[in-house]
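**Student:** So here's final-v7.cif, just mmCIF, C-alpha atoms:
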```
data_data
loop_
_atom_site.label_atom_id
_atom_site.label_comp_id
_atom_site.auth_asym_id
_atom_site.auth_seq_id
_atom_site.Cartn_x
_atom_site.Cartn_y
_atom_site.Cartn_z
CA MET W 1 73.95 14.18 27.59
CA ARG W 2 74.87 13.07 31.05
CA ASN W 3 76.10 9.72 32.12
CA GLN W 4 73.03 8.03 33.51
CA VAL W 5 74.55 4.79 34.65
CA ASP W 6 74.29 5.59 38.33
CA ILE W 7 71.00 7.45 38.34
CA SER W 8 68.70 6.47 41.13
CA SER W 9 64.97 6.94 41.30
CA ALA W 10 65.52 9.12 44.36
CA GLU W 11 67.44 11.54 42.18
CA ILE W 12 64.63 11.63 39.65
CA SER W 13 62.18 12.19 42.46
CA GLU W 14 64.19 15.19 43.58
CA ILE W 15 64.02 16.67 40.09
CA LEU W 16 60.23 16.19 40.08
CA GLU W 17 60.06 18.65 42.97
CA GLU W 18 60.35 21.30 40.25
CA VAL W 19 57.20 20.11 38.50
CA MET W 20 54.21 21.99 39.86
CA ASP W 21 50.51 21.35 39.49
CA PRO W 22 49.43 24.00 36.96
CA GLU W 23 46.17 24.61 38.85
CA ILE W 24 47.79 24.87 42.28
CA PRO W 25 51.30 26.08 41.51
CA VAL W 26 52.60 25.69 45.07
CA LEU W 27 52.22 21.91 45.02
CA SER W 28 54.77 19.73 43.31
CA VAL W 29 53.67 16.47 41.73
CA ASN W 30 55.36 14.75 44.68
CA ASP W 31 53.36 16.76 47.22
CA LEU W 32 50.17 15.92 45.35
CA GLY W 33 50.97 12.21 45.56
CA ILE W 34 50.32 11.51 41.90
CA VAL W 35 53.76 10.06 41.15
CA ARG W 36 53.25 6.35 41.71
CA ASP W 37 56.49 4.90 40.45
CA ILE W 38 59.85 5.86 39.02
CA SER W 39 61.87 3.25 37.24
CA VAL W 40 65.32 3.64 35.75
CA LYS W 41 66.55 0.93 33.42
CA ASP W 42 69.82 1.50 31.61
CA LYS W 43 69.25 5.00 30.32
CA ALA W 44 65.49 4.86 30.17
CA VAL W 45 63.46 6.69 32.79
CA GLN W 46 59.81 5.85 33.23
CA VAL W 47 57.60 7.90 35.50
CA THR W 48 54.18 6.49 36.40
CA ILE W 49 51.51 9.01 37.34
CA THR W 50 47.85 8.75 38.29
CA PRO W 51 45.13 11.37 37.80
CA THR W 52 43.43 13.04 40.74
CA TYR W 53 40.15 13.10 38.83
CA MET W 54 39.53 11.26 35.58
CA GLY W 55 38.62 14.35 33.63
CA CYS W 56 41.38 16.46 35.14
CA PRO W 57 42.49 18.68 32.25
CA ALA W 58 45.85 19.30 33.93
CA MET W 59 46.97 15.69 33.51
CA ASP W 60 48.29 15.97 29.96
CA MET W 61 50.09 19.17 30.84
CA ILE W 62 51.64 17.60 33.93
CA ALA W 63 52.85 14.64 31.88
CA ALA W 64 54.37 16.99 29.30
CA THR W 65 56.03 19.11 31.99
CA ILE W 66 57.58 16.09 33.69
CA LYS W 67 59.01 15.02 30.37
CA MET W 68 60.35 18.50 29.55
CA THR W 69 61.88 18.89 32.99
CA LEU W 70 63.70 15.57 32.81
CA LEU W 71 64.86 16.36 29.28
CA SER W 72 66.25 19.66 30.49
CA HIS W 73 68.20 17.74 33.13
CA GLY W 74 69.84 15.71 30.38
CA PHE W 75 67.66 12.61 30.34
CA THR W 76 66.89 11.75 26.75
CA ASP W 77 64.90 8.57 27.12
CA VAL W 78 61.89 9.54 29.20
CA SER W 79 58.44 7.98 29.12
CA ILE W 80 55.35 8.77 31.15
CA ARG W 81 52.84 6.09 31.98
CA GLN W 82 49.38 6.84 33.32
CA VAL W 83 47.61 4.38 35.60
CA LEU W 84 44.19 4.50 37.25
CA SER W 85 44.64 1.82 39.85
CA PRO W 86 44.89 2.12 42.77
CA ALA W 87 42.70 5.20 42.63
CA TRP W 88 44.27 8.41 43.90
CA THR W 89 43.09 9.66 47.25
CA THR W 90 43.65 12.91 49.12
CA ASP W 91 45.43 10.81 51.75
CA TRP W 92 48.38 10.74 49.37
CA ILE W 93 48.92 14.50 49.61
CA SER W 94 52.03 14.87 51.74
CA GLU W 95 52.02 16.68 55.09
CA LYS W 96 54.34 19.24 53.54
CA GLY W 97 51.84 19.57 50.70
CA LYS W 98 48.96 20.17 53.10
CA GLN W 99 50.95 22.88 54.83
CA LYS W 100 51.71 24.52 51.49
CA LEU W 101 48.02 24.43 50.54
CA LEU W 102 47.11 26.15 53.77
CA GLU W 103 49.67 28.89 53.23
CA TYR W 104 48.38 29.32 49.69
CA GLY W 105 44.85 29.96 51.02
CA ILE W 106 43.30 26.59 50.21
CA ALA W 107 42.01 24.53 53.11
CA PRO W 108 43.73 21.12 52.93
CA PRO W 109 41.63 17.95 52.86
CA ASN W 110 40.67 16.57 56.21
CA SER W 111 42.37 13.35 57.03
CA LYS W 112 40.11 10.49 56.30
CA PRO W 113 36.81 11.56 54.95
CA GLN W 114 33.85 11.22 57.14
CA PHE W 115 31.37 12.56 54.64
CA CYS W 116 32.19 10.99 51.30
CA ASN W 117 29.00 9.01 51.08
CA THR W 118 25.65 9.27 49.39
CA GLU W 119 23.68 10.55 52.36
CA PHE W 120 21.82 13.75 51.60
CA PHE W 121 22.15 16.99 53.52
CA THR W 122 24.67 15.59 55.92
CA ALA W 123 26.25 18.14 58.22
CA ASN W 124 28.94 20.02 56.37
CA GLU W 125 32.38 18.71 56.95
CA ALA W 126 34.08 20.90 59.54
CA VAL W 127 36.68 22.81 57.60
CA GLN W 128 39.05 25.33 59.10
CA CYS W 129 39.33 28.74 57.44
CA PRO W 130 42.82 29.04 55.92
CA HIS W 131 42.79 32.81 56.55
CA CYS W 132 41.71 33.27 60.18
CA SER W 133 41.73 29.65 61.41
CA SER W 134 38.10 29.80 62.49
CA TRP W 135 36.07 26.59 62.39
CA ASN W 136 32.91 28.61 61.89
CA THR W 137 32.67 28.00 58.15
CA LYS W 138 30.02 26.80 55.75
CA ARG W 139 29.96 25.10 52.40
CA ILE W 140 28.69 27.22 49.55
CA SER W 141 29.06 24.64 46.83
CA GLU W 142 30.17 21.05 46.56
CA PHE W 143 31.98 21.96 43.36
CA GLY W 144 34.57 24.72 43.10
CA ALA W 145 36.97 26.24 40.62
CA THR W 146 38.44 22.85 39.77
CA ALA W 147 37.04 19.34 40.10
CA CYS W 148 39.10 18.69 43.22
CA LYS W 149 37.87 21.66 45.22
CA ALA W 150 34.68 22.73 47.00
CA LEU W 151 33.72 26.31 47.78
CA TYR W 152 33.45 27.43 51.41
CA GLN W 153 32.98 30.69 53.26
CA CYS W 154 34.18 31.70 56.67
CA ALA W 155 31.39 33.06 58.89
CA ASP W 156 33.89 35.01 61.03
CA CYS W 157 36.25 36.73 58.63
CA LYS W 158 33.67 36.44 55.80
CA GLU W 159 36.31 35.41 53.29
CA PRO W 160 35.33 32.78 50.74
CA PHE W 161 37.92 30.05 50.24
CA ASP W 162 38.57 26.81 48.40
CA TYR W 163 38.61 23.49 50.20
CA PHE W 164 40.54 20.62 48.69
CA LYS W 165 37.72 18.13 49.14
CA CYS W 166 38.19 14.65 50.45
CA HIS W 167 38.38 12.01 47.78
CA MET C 1 44.08 -10.06 32.23
CA ILE C 2 41.17 -12.37 32.85
CA GLY C 3 38.18 -11.63 30.74
CA GLU C 4 40.22 -10.45 27.82
CA GLU C 5 42.21 -13.63 27.24
CA GLU C 6 39.21 -15.86 27.59
CA MET C 7 37.48 -14.34 24.67
CA ASN C 8 37.49 -15.31 21.06
CA SER C 9 36.97 -12.74 18.32
CA THR C 10 33.19 -12.69 18.88
CA GLY C 11 33.75 -12.16 22.57
CA LYS C 12 35.89 -9.14 21.83
CA THR C 13 32.95 -7.55 20.08
CA PHE C 14 30.90 -7.95 23.22
CA LEU C 15 33.61 -6.38 25.30
CA THR C 16 34.08 -3.38 22.99
CA ASP C 17 30.32 -2.98 22.60
CA TYR C 18 29.98 -3.01 26.36
CA LEU C 19 32.77 -0.46 26.79
CA LEU C 20 31.33 1.78 24.10
CA HIS C 21 27.93 1.61 25.76
CA LEU C 22 29.38 2.71 29.11
CA ALA C 23 31.47 5.41 27.44
CA ASP C 24 28.64 6.73 25.24
CA ASP C 25 26.34 7.11 28.25
CA ALA C 26 29.00 9.20 29.97
CA LEU C 27 29.96 11.25 26.91
CA ILE C 28 26.42 12.14 25.85
CA LEU C 29 25.28 13.13 29.34
CA GLY C 30 28.54 15.03 29.80
CA HIS C 31 27.82 16.88 26.57
CA ARG C 32 24.22 17.63 27.57
CA ASN C 33 25.35 19.06 30.91
CA SER C 34 28.03 21.12 29.20
CA GLU C 35 25.25 22.90 27.29
CA TRP C 36 24.43 24.58 30.61
CA CYS C 37 27.86 26.21 30.75
CA GLY C 38 27.24 29.92 31.22
CA HIS C 39 23.47 29.39 31.61
CA GLY C 40 23.16 27.97 35.14
CA PRO C 41 20.72 29.65 37.53
CA ILE C 42 23.57 30.85 39.72
CA LEU C 43 27.32 30.73 39.25
CA GLU C 44 27.98 27.98 41.82
CA GLN C 45 25.46 25.62 40.25
CA ASP C 46 26.66 26.42 36.76
CA ILE C 47 30.12 25.38 37.93
CA ALA C 48 28.76 22.29 39.65
CA LEU C 49 27.14 21.06 36.47
CA THR C 50 30.20 21.70 34.33
CA ASN C 51 32.33 19.91 36.93
CA ILE C 52 30.02 16.92 36.58
CA SER C 53 30.39 17.18 32.80
CA LEU C 54 34.14 17.07 33.19
CA ASP C 55 33.96 13.97 35.37
CA LEU C 56 31.67 12.20 32.90
CA ILE C 57 33.79 13.09 29.89
CA GLY C 58 36.85 11.92 31.82
CA GLN C 59 35.18 8.54 32.41
CA ALA C 60 34.26 8.36 28.73
CA ARG C 61 37.87 9.05 27.74
CA SER C 62 39.26 6.18 29.83
CA LEU C 63 36.66 3.77 28.47
CA TYR C 64 37.19 4.88 24.85
CA GLN C 65 40.96 4.55 25.24
CA TYR C 66 40.57 1.00 26.45
CA ALA C 67 38.09 0.14 23.68
CA ALA C 68 40.46 1.67 21.11
CA ASN C 69 43.35 -0.49 22.36
CA ILE C 70 41.30 -3.64 21.93
CA LEU C 71 40.02 -2.62 18.49
CA ASN C 72 43.53 -1.82 17.32
CA GLU C 73 44.82 -5.19 18.50
CA SER C 74 42.50 -7.01 16.15
CA HIS C 75 42.67 -4.50 13.27
CA PRO C 76 45.83 -2.38 13.62
CA ALA C 77 45.22 -0.72 10.24
CA ARG C 78 42.05 0.95 11.46
CA ASN C 79 44.02 3.17 13.78
CA VAL C 80 41.17 3.76 16.21
CA SER C 81 41.59 6.29 19.00
CA GLU C 82 39.44 7.82 21.73
CA ASP C 83 38.90 10.74 19.36
CA THR C 84 37.78 8.69 16.38
CA LEU C 85 35.35 6.82 18.62
CA ALA C 86 33.82 10.03 19.93
CA TYR C 87 33.94 12.13 16.78
CA LEU C 88 33.67 9.79 13.82
CA ARG C 89 30.99 7.28 14.67
CA ASP C 90 27.50 7.79 13.37
CA ASN C 91 24.17 7.95 15.13
CA ARG C 92 23.38 4.23 14.84
CA GLU C 93 26.78 3.24 16.20
CA PHE C 94 26.23 5.05 19.51
CA LYS C 95 25.06 2.78 22.31
CA ASN C 96 23.98 5.24 24.98
CA CYS C 97 20.59 4.85 26.59
CA LEU C 98 17.84 7.25 25.53
CA LEU C 99 17.66 8.97 28.92
CA VAL C 100 21.01 10.72 28.56
CA GLU C 101 20.20 12.20 25.15
CA MET C 102 16.97 13.85 26.32
CA PRO C 103 17.08 17.63 25.98
CA ASN C 104 17.99 19.68 29.03
CA GLY C 105 14.57 21.32 29.42
CA ASP C 106 14.43 23.44 32.56
CA TRP C 107 16.55 23.07 35.68
CA ALA C 108 14.19 20.47 37.20
CA HIS C 109 14.45 18.41 34.05
CA THR C 110 18.24 18.47 34.02
CA ILE C 111 18.43 17.72 37.74
CA LEU C 112 16.04 14.78 37.63
CA ARG C 113 17.78 13.28 34.59
CA GLN C 114 21.09 13.54 36.44
CA PHE C 115 19.62 12.03 39.59
CA PHE C 116 18.13 9.05 37.73
CA PHE C 117 21.40 8.46 35.93
CA SER C 118 23.81 9.07 38.82
CA THR C 119 21.87 6.71 41.07
CA TYR C 120 22.04 4.06 38.35
CA GLN C 121 25.71 4.74 37.69
CA PHE C 122 26.57 4.63 41.38
CA PHE C 123 25.18 1.12 41.85
CA LEU C 124 26.58 0.02 38.49
CA TYR C 125 30.14 1.10 39.30
CA GLU C 126 29.80 -0.29 42.81
CA LYS C 127 29.33 -3.65 41.13
CA LEU C 128 31.94 -3.12 38.40
CA VAL C 129 34.65 -2.41 40.97
CA GLY C 130 34.60 -6.21 41.39
CA SER C 131 34.75 -6.93 37.64
CA VAL C 132 37.10 -9.75 36.58
CA ASN C 133 38.40 -7.32 33.97
CA ASP C 134 41.13 -5.34 35.71
CA THR C 135 40.82 -2.24 33.55
CA ILE C 136 37.06 -1.96 34.03
CA ALA C 137 37.55 -2.51 37.76
CA ALA C 138 40.19 0.25 37.91
CA ILE C 139 38.09 2.74 35.94
CA SER C 140 35.08 1.97 38.16
CA ALA C 141 37.01 2.37 41.40
CA LYS C 142 38.11 5.78 40.21
CA ALA C 143 34.73 6.83 38.82
CA ILE C 144 32.62 5.84 41.79
CA LYS C 145 34.28 8.45 43.97
CA GLU C 146 33.20 11.12 41.51
CA VAL C 147 29.73 9.69 41.02
CA THR C 148 29.17 9.75 44.79
CA TYR C 149 29.32 13.54 44.61
CA HIS C 150 27.02 13.62 41.57
CA LEU C 151 24.44 11.47 43.33
CA ARG C 152 24.51 13.56 46.47
CA TRP C 153 24.33 16.84 44.59
CA SER C 154 21.49 15.84 42.26
CA GLY C 155 19.55 14.08 45.04
CA GLU C 156 19.72 17.15 47.27
CA TRP C 157 18.43 19.26 44.39
CA VAL C 158 15.49 16.91 43.74
CA ILE C 159 14.56 17.27 47.41
CA ARG C 160 14.95 21.05 47.27
CA LEU C 161 12.75 21.36 44.19
CA GLY C 162 10.03 19.00 45.41
CA ASP C 163 10.00 20.57 48.85
CA GLY C 164 10.43 24.12 47.55
CA THR C 165 7.77 26.36 46.03
CA ASP C 166 4.59 25.33 44.25
CA GLU C 167 6.24 26.15 40.97
CA SER C 168 9.42 24.17 41.62
CA LYS C 169 7.34 21.18 42.68
CA GLU C 170 5.14 21.44 39.60
CA ARG C 171 8.18 21.59 37.35
CA LEU C 172 9.74 18.61 39.05
CA LEU C 173 6.56 16.58 38.55
CA LYS C 174 6.40 17.61 34.92
CA ALA C 175 10.01 16.52 34.46
CA PHE C 176 9.16 13.24 36.12
CA ASP C 177 6.34 12.54 33.65
CA MET C 178 8.62 13.36 30.74
CA LEU C 179 11.63 11.32 31.88
CA TRP C 180 10.18 8.33 33.67
CA PRO C 181 9.42 6.34 30.46
CA PHE C 182 13.15 6.47 29.65
CA THR C 183 14.29 4.94 32.94
CA GLY C 184 13.24 1.37 32.12
CA GLU C 185 15.98 1.08 29.52
CA LEU C 186 18.66 1.56 32.18
CA PHE C 187 17.89 -1.92 33.50
CA HIS C 188 16.79 -3.58 30.28
CA MET C 189 19.78 -5.76 29.46
CA VAL C 190 20.81 -6.10 25.83
CA GLU C 191 22.94 -8.89 24.44
CA TYR C 192 26.41 -7.47 25.08
CA GLU C 193 25.41 -6.67 28.66
CA ILE C 194 24.12 -10.19 29.24
CA VAL C 195 27.33 -11.72 27.90
CA ALA C 196 29.48 -9.29 29.88
CA ALA C 197 27.54 -10.09 33.06
CA ASP C 198 27.79 -13.84 32.44
CA LEU C 199 31.56 -13.57 32.11
CA GLY C 200 31.84 -11.57 35.32
CA ILE C 201 33.03 -8.54 33.37
CA GLY C 202 29.80 -6.59 33.52
CA ALA C 203 27.02 -6.21 36.04
CA ASP C 204 23.71 -8.04 36.24
CA LEU C 205 21.41 -5.03 36.06
CA ASN C 206 18.48 -6.97 37.50
CA LEU C 207 20.33 -7.02 40.79
CA LEU C 208 20.78 -3.25 40.80
CA ARG C 209 17.16 -2.39 40.17
CA SER C 210 15.90 -2.80 43.74
CA LYS C 211 18.70 -0.63 45.14
CA TRP C 212 17.89 2.03 42.57
CA ASP C 213 14.16 1.89 43.42
CA GLU C 214 14.90 2.15 47.10
CA LYS C 215 17.13 5.21 46.74
CA LEU C 216 14.52 6.91 44.57
CA LYS C 217 11.80 6.32 47.13
CA ILE C 218 13.90 7.82 49.91
CA VAL C 219 14.52 10.94 47.86
CA PHE C 220 10.95 11.29 46.55
CA GLN C 221 9.66 10.86 50.08
CA GLU C 222 11.98 13.62 51.31
CA ALA C 223 10.95 15.75 48.35
CA GLY C 224 7.31 15.33 49.32
CA ILE C 225 6.22 13.88 45.99
CA LEU C 226 6.21 10.14 46.67
CA SER C 227 2.47 9.96 47.31
CA ILE C 228 1.77 11.76 44.04
CA ILE C 229 3.87 9.50 41.85
CA GLU C 230 3.63 6.27 43.79
CA ASN C 231 1.30 4.61 41.28
CA LYS C 232 3.43 5.66 38.35
CA ILE C 233 6.62 4.08 39.65
CA LYS C 234 5.10 0.68 40.27
CA PRO C 235 6.75 -1.87 37.99
CA GLY C 236 4.76 -2.48 34.84
CA SER C 237 2.55 0.57 35.24
CA ASN C 238 4.24 2.51 32.49
CA TRP C 239 5.23 1.95 28.88
CA MET C 240 9.02 2.11 28.77
CA GLN C 241 10.98 3.35 25.78
CA SER C 242 14.13 1.54 24.74
CA GLY C 243 16.44 1.12 21.77
CA GLY C 244 19.33 3.49 22.46
CA LYS C 245 21.62 0.74 23.70
CA ILE C 246 21.33 -1.03 20.35
CA GLY C 247 21.70 2.13 18.29
CA LYS C 248 18.06 3.09 17.79
CA HIS C 249 17.98 6.63 19.04
CA SER C 250 15.56 9.50 19.36
CA GLU C 251 15.93 12.39 16.92
CA HIS C 252 17.79 14.29 19.64
CA LEU C 253 21.05 12.35 19.30
CA GLY C 254 21.54 13.51 15.72
CA PHE C 255 21.47 17.13 16.83
CA ILE C 256 23.92 16.41 19.65
CA LEU C 257 26.34 14.73 17.25
CA ALA C 258 25.98 17.54 14.72
CA GLU C 259 27.38 19.90 17.33
CA LEU C 260 29.78 17.50 19.05
CA GLN C 261 31.35 16.23 15.82
CA PHE C 262 31.20 19.34 13.65
CA MET C 263 34.89 20.26 13.83
CA GLN C 264 36.18 16.80 12.95
CA ARG C 265 33.64 16.38 10.16
CA ALA C 266 34.28 19.80 8.64
CA TYR C 267 38.05 19.85 9.19
CA PRO C 268 39.14 16.19 9.34
CA ASN C 269 42.14 15.48 11.58
CA SER C 270 42.24 19.02 12.91
CA GLU C 271 44.00 19.25 16.27
CA TRP C 272 43.49 21.47 19.27
#
```
Here is a file; write its structure as structure tokens.
**Tutor:**
Amino acid sequence: MRNQVDISSAEISEILEEVMDPEIPVLSVNDLGIVRDISVKDKAVQVTITPTYMGCPAMDMIAATIKMTLLSHGFTDVSIRQVLSPAWTTDWISEKGKQKLLEYGIAPPNSKPQFCNTEFFTANEAVQCPHCSSWNTKRISEFGATACKALYQCADCKEPFDYFKCH
Amino acid sequence: MIGEEEMNSTGKTFLTDYLLHLADDALILGHRNSEWCGHGPILEQDIALTNISLDLIGQARSLYQYAANILNESHPARNVSEDTLAYLRDNREFKNCLLVEMPNGDWAHTILRQFFFSTYQFFLYEKLVGSVNDTIAAISAKAIKEVTYHLRWSGEWVIRLGDGTDESKERLLKAFDMLWPFTGELFHMVEYEIVAADLGIGADLNLLRSKWDEKLKIVFQEAGILSIIENKIKPGSNWMQSGGKIGKHSEHLGFILAELQFMQRAYPNSEW
């Protein structure tokens, strides 16, 4: 067990860089913006996380992985707290995270959603193809492989791709 | 937290009843939609519906967890959890409205049921975001983002079906006749809802009704069926079924629970 007297939350945050989203393994929990608070009191570390979507099945796994990772770094008193408020938004995905998404082949969320409303058949959000950078793309389905993604297709390179939809 | 402290032991019952009602609506519709898994007309729509299921079941989980915390505070020995609330309550203890337990029927049926419910849920959560109860407000703020997608998706499908082929239109109208008598209950306030609304915890459903009506008319107009059903949607022109919110369900709920609860009933305390 390490001496944790002088542990700072910044140090914990650095360790959390190792914890990846199981659905999108290039994004760390920091990149995703779901770590809301890190508190270190005496030897106790508490990490507060928030779900992207309420039914996100990855949440329990992420909580367990954070705990395991901190344990493996010698922290023995680790607790994970889940909060709903304030509600997570795609704005909290870091710039570095958006870049990583793009390189991974997932179009990152547009910065502030223009189309998250209840209007029907609104023009599709303009989304850039992560493969050929064309803007000539269309939405195939509002719902994709996971709750947080929509399915798009590029009309130029014809490749289908996931879009991390605005939320 | 305001709302929780103010209440005596009777008040707590209203709060847990209200939470269970909200959660049961979400769980049962989530379960119904999940029955489509692997049976959707095309892959993308199959996935859309199961995504919506996931959102609804996620909402139910948060609400059950909160209800369980309150129940355990007053009776720690009961050891209530989100799982016991979902898997070990009986038919008469469920407080979901009748609409959500209606069988899936065909695609038009499922779509219209979702549209009726998502429109209701959208305006409900819009109101509950301002609840004096912080936990309900937080859950609602989270859920409304998801429900916005459900409303848009189901509304677009209603328009597509009504404005599609003769057959799709006919099926939509048939679904309308089947489901409409179950929509009245959405706005028919029962005791725990009235108390919750009075305390500023819940929503006054009478105030949501006109918004719901208005949204429906826009969509039915777009779908080209408004003139056909106009007389049927006038207030008071239809006998409305109710009872689900106070535990009096149709025979369908029993079958849902038989499937939903089978594992925990047959193998108590089994874990995933």
**Student:** Written as a PyMOL selection string, what is the full residue list that the PyMOL selection byres ((chain W) within 12 of (chain C)) yields on the file shown?
**Tutor:** chain W and resi 50-59+82-90+113+115-122+139-152+165-167
**Student:** Keeping C-alpha atoms, export the residues of the selection given above as a PDB file, keeping the file's coordinate frame.
**Tutor:**
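Okay, this is what ended up in part38.pdb:
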```pdb
ATOM      1  CA  THR W  50      47.850   8.750  38.290  1.00  0.00           C
ATOM      2  CA  PRO W  51      45.130  11.370  37.800  1.00  0.00           C
ATOM      3  CA  THR W  52      43.430  13.040  40.740  1.00  0.00           C
ATOM      4  CA  TYR W  53      40.150  13.100  38.830  1.00  0.00           C
ATOM      5  CA  MET W  54      39.530  11.260  35.580  1.00  0.00           C
ATOM      6  CA  GLY W  55      38.620  14.350  33.630  1.00  0.00           C
ATOM      7  CA  CYS W  56      41.380  16.460  35.140  1.00  0.00           C
ATOM      8  CA  PRO W  57      42.490  18.680  32.250  1.00  0.00           C
ATOM      9  CA  ALA W  58      45.850  19.300  33.930  1.00  0.00           C
ATOM     10  CA  MET W  59      46.970  15.690  33.510  1.00  0.00           C
ATOM     11  CA  GLN W  82      49.380   6.840  33.320  1.00  0.00           C
ATOM     12  CA  VAL W  83      47.610   4.380  35.600  1.00  0.00           C
ATOM     13  CA  LEU W  84      44.190   4.500  37.250  1.00  0.00           C
ATOM     14  CA  SER W  85      44.640   1.820  39.850  1.00  0.00           C
ATOM     15  CA  PRO W  86      44.890   2.120  42.770  1.00  0.00           C
ATOM     16  CA  ALA W  87      42.700   5.200  42.630  1.00  0.00           C
ATOM     17  CA  TRP W  88      44.270   8.410  43.900  1.00  0.00           C
ATOM     18  CA  THR W  89      43.090   9.660  47.250  1.00  0.00           C
ATOM     19  CA  THR W  90      43.650  12.910  49.120  1.00  0.00           C
ATOM     20  CA  PRO W 113      36.810  11.560  54.950  1.00  0.00           C
ATOM     21  CA  PHE W 115      31.370  12.560  54.640  1.00  0.00           C
ATOM     22  CA  CYS W 116      32.190  10.990  51.300  1.00  0.00           C
ATOM     23  CA  ASN W 117      29.000   9.010  51.080  1.00  0.00           C
ATOM     24  CA  THR W 118      25.650   9.270  49.390  1.00  0.00           C
ATOM     25  CA  GLU W 119      23.680  10.550  52.360  1.00  0.00           C
ATOM     26  CA  PHE W 120      21.820  13.750  51.600  1.00  0.00           C
ATOM     27  CA  PHE W 121      22.150  16.990  53.520  1.00  0.00           C
ATOM     28  CA  THR W 122      24.670  15.590  55.920  1.00  0.00           C
ATOM     29  CA  ARG W 139      29.960  25.100  52.400  1.00  0.00           C
ATOM     30  CA  ILE W 140      28.690  27.220  49.550  1.00  0.00           C
ATOM     31  CA  SER W 141      29.060  24.640  46.830  1.00  0.00           C
ATOM     32  CA  GLU W 142      30.170  21.050  46.560  1.00  0.00           C
ATOM     33  CA  PHE W 143      31.980  21.960  43.360  1.00  0.00           C
ATOM     34  CA  GLY W 144      34.570  24.720  43.100  1.00  0.00           C
ATOM     35  CA  ALA W 145      36.970  26.240  40.620  1.00  0.00           C
ATOM     36  CA  THR W 146      38.440  22.850  39.770  1.00  0.00           C
ATOM     37  CA  ALA W 147      37.040  19.340  40.100  1.00  0.00           C
ATOM     38  CA  CYS W 148      39.100  18.690  43.220  1.00  0.00           C
ATOM     39  CA  LYS W 149      37.870  21.660  45.220  1.00  0.00           C
ATOM     40  CA  ALA W 150      34.680  22.730  47.000  1.00  0.00           C
ATOM     41  CA  LEU W 151      33.720  26.310  47.780  1.00  0.00           C
ATOM     42  CA  TYR W 152      33.450  27.430  51.410  1.00  0.00           C
ATOM     43  CA  LYS W 165      37.720  18.130  49.140  1.00  0.00           C
ATOM     44  CA  CYS W 166      38.190  14.650  50.450  1.00  0.00           C
ATOM     45  CA  HIS W 167      38.380  12.010  47.780  1.00  0.00           C
TER      46      HIS W 167
END
```
**Student:** Evaluate the PyMOL selection byres ((chain C and resi 15-32) around 6) here and jot the selected residues down as a list in words.
**Tutor:** Lys12, Thr13, Phe14, Asn33, Ser34, Glu35, Ser53, Leu56, Ile57, Ala60, Leu63, Ala67, Lys95, Asn96, Val100 and Tyr192 of chain C
**Student:** Could you expand the PyMOL selection byres ((chain W and resi 74-79) around 6) into the explicit residues it covers here, written as a list in words?
**Tutor:**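 Applied to this file, the PyMOL selection byres ((chain W and resi 74-79) around 6) returns Met1, Arg2, Ala44, Val45, Gln46, Leu70, Leu71, Ser72, His73 and Ile80 of chain W.
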**Student:** Between CA of Ile34 (chain W) and CA of Lys127 (chain C), what is the distance, to one decimal in Å?
**Tutor:**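 Between CA of Ile34 (chain W) and CA of Lys127 (chain C) the gap works out to 25.9 Å.
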**Student:** Name the residues in contact with Phe123 (chain C) at a cut-off of 9 Å, using all atoms listed in the file, excluding same-chain residues fewer than 6 positions from it; report them as a tab-separated table (two decimals) with C-alpha atoms, in the frame of the given file.
**Tutor:**
```tsv
chain	number	residue	atom	x	y	z
C	144	ILE	CA	32.62	5.84	41.79
C	208	LEU	CA	20.78	-3.25	40.80
C	209	ARG	CA	17.16	-2.39	40.17
C	211	LYS	CA	18.70	-0.63	45.14
C	212	TRP	CA	17.89	2.03	42.57
```
**Student:** By how many Å are CA of Gly105 (chain C) and CA of Ile42 (chain C) apart?
**Tutor:**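 Going from CA of Gly105 (chain C) over to CA of Ile42 (chain C), I get 16.7 Å.
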**Student:** One number please: CA of Ser133 (chain W) to CA of Ser111 (chain W), in Å, one decimal.
**Tutor:** 16.9 Å
**Student:** Could you pull the residues within 9 Å of Thr65 (chain W), counting all atoms listed in the file, minus those fewer than 5 positions along the same chain, as a list of chain:residue names?
**Tutor:**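 Skipping anything fewer than 5 positions along the chain leaves W:Val19, W:Met20, W:Asp60, W:Leu70.
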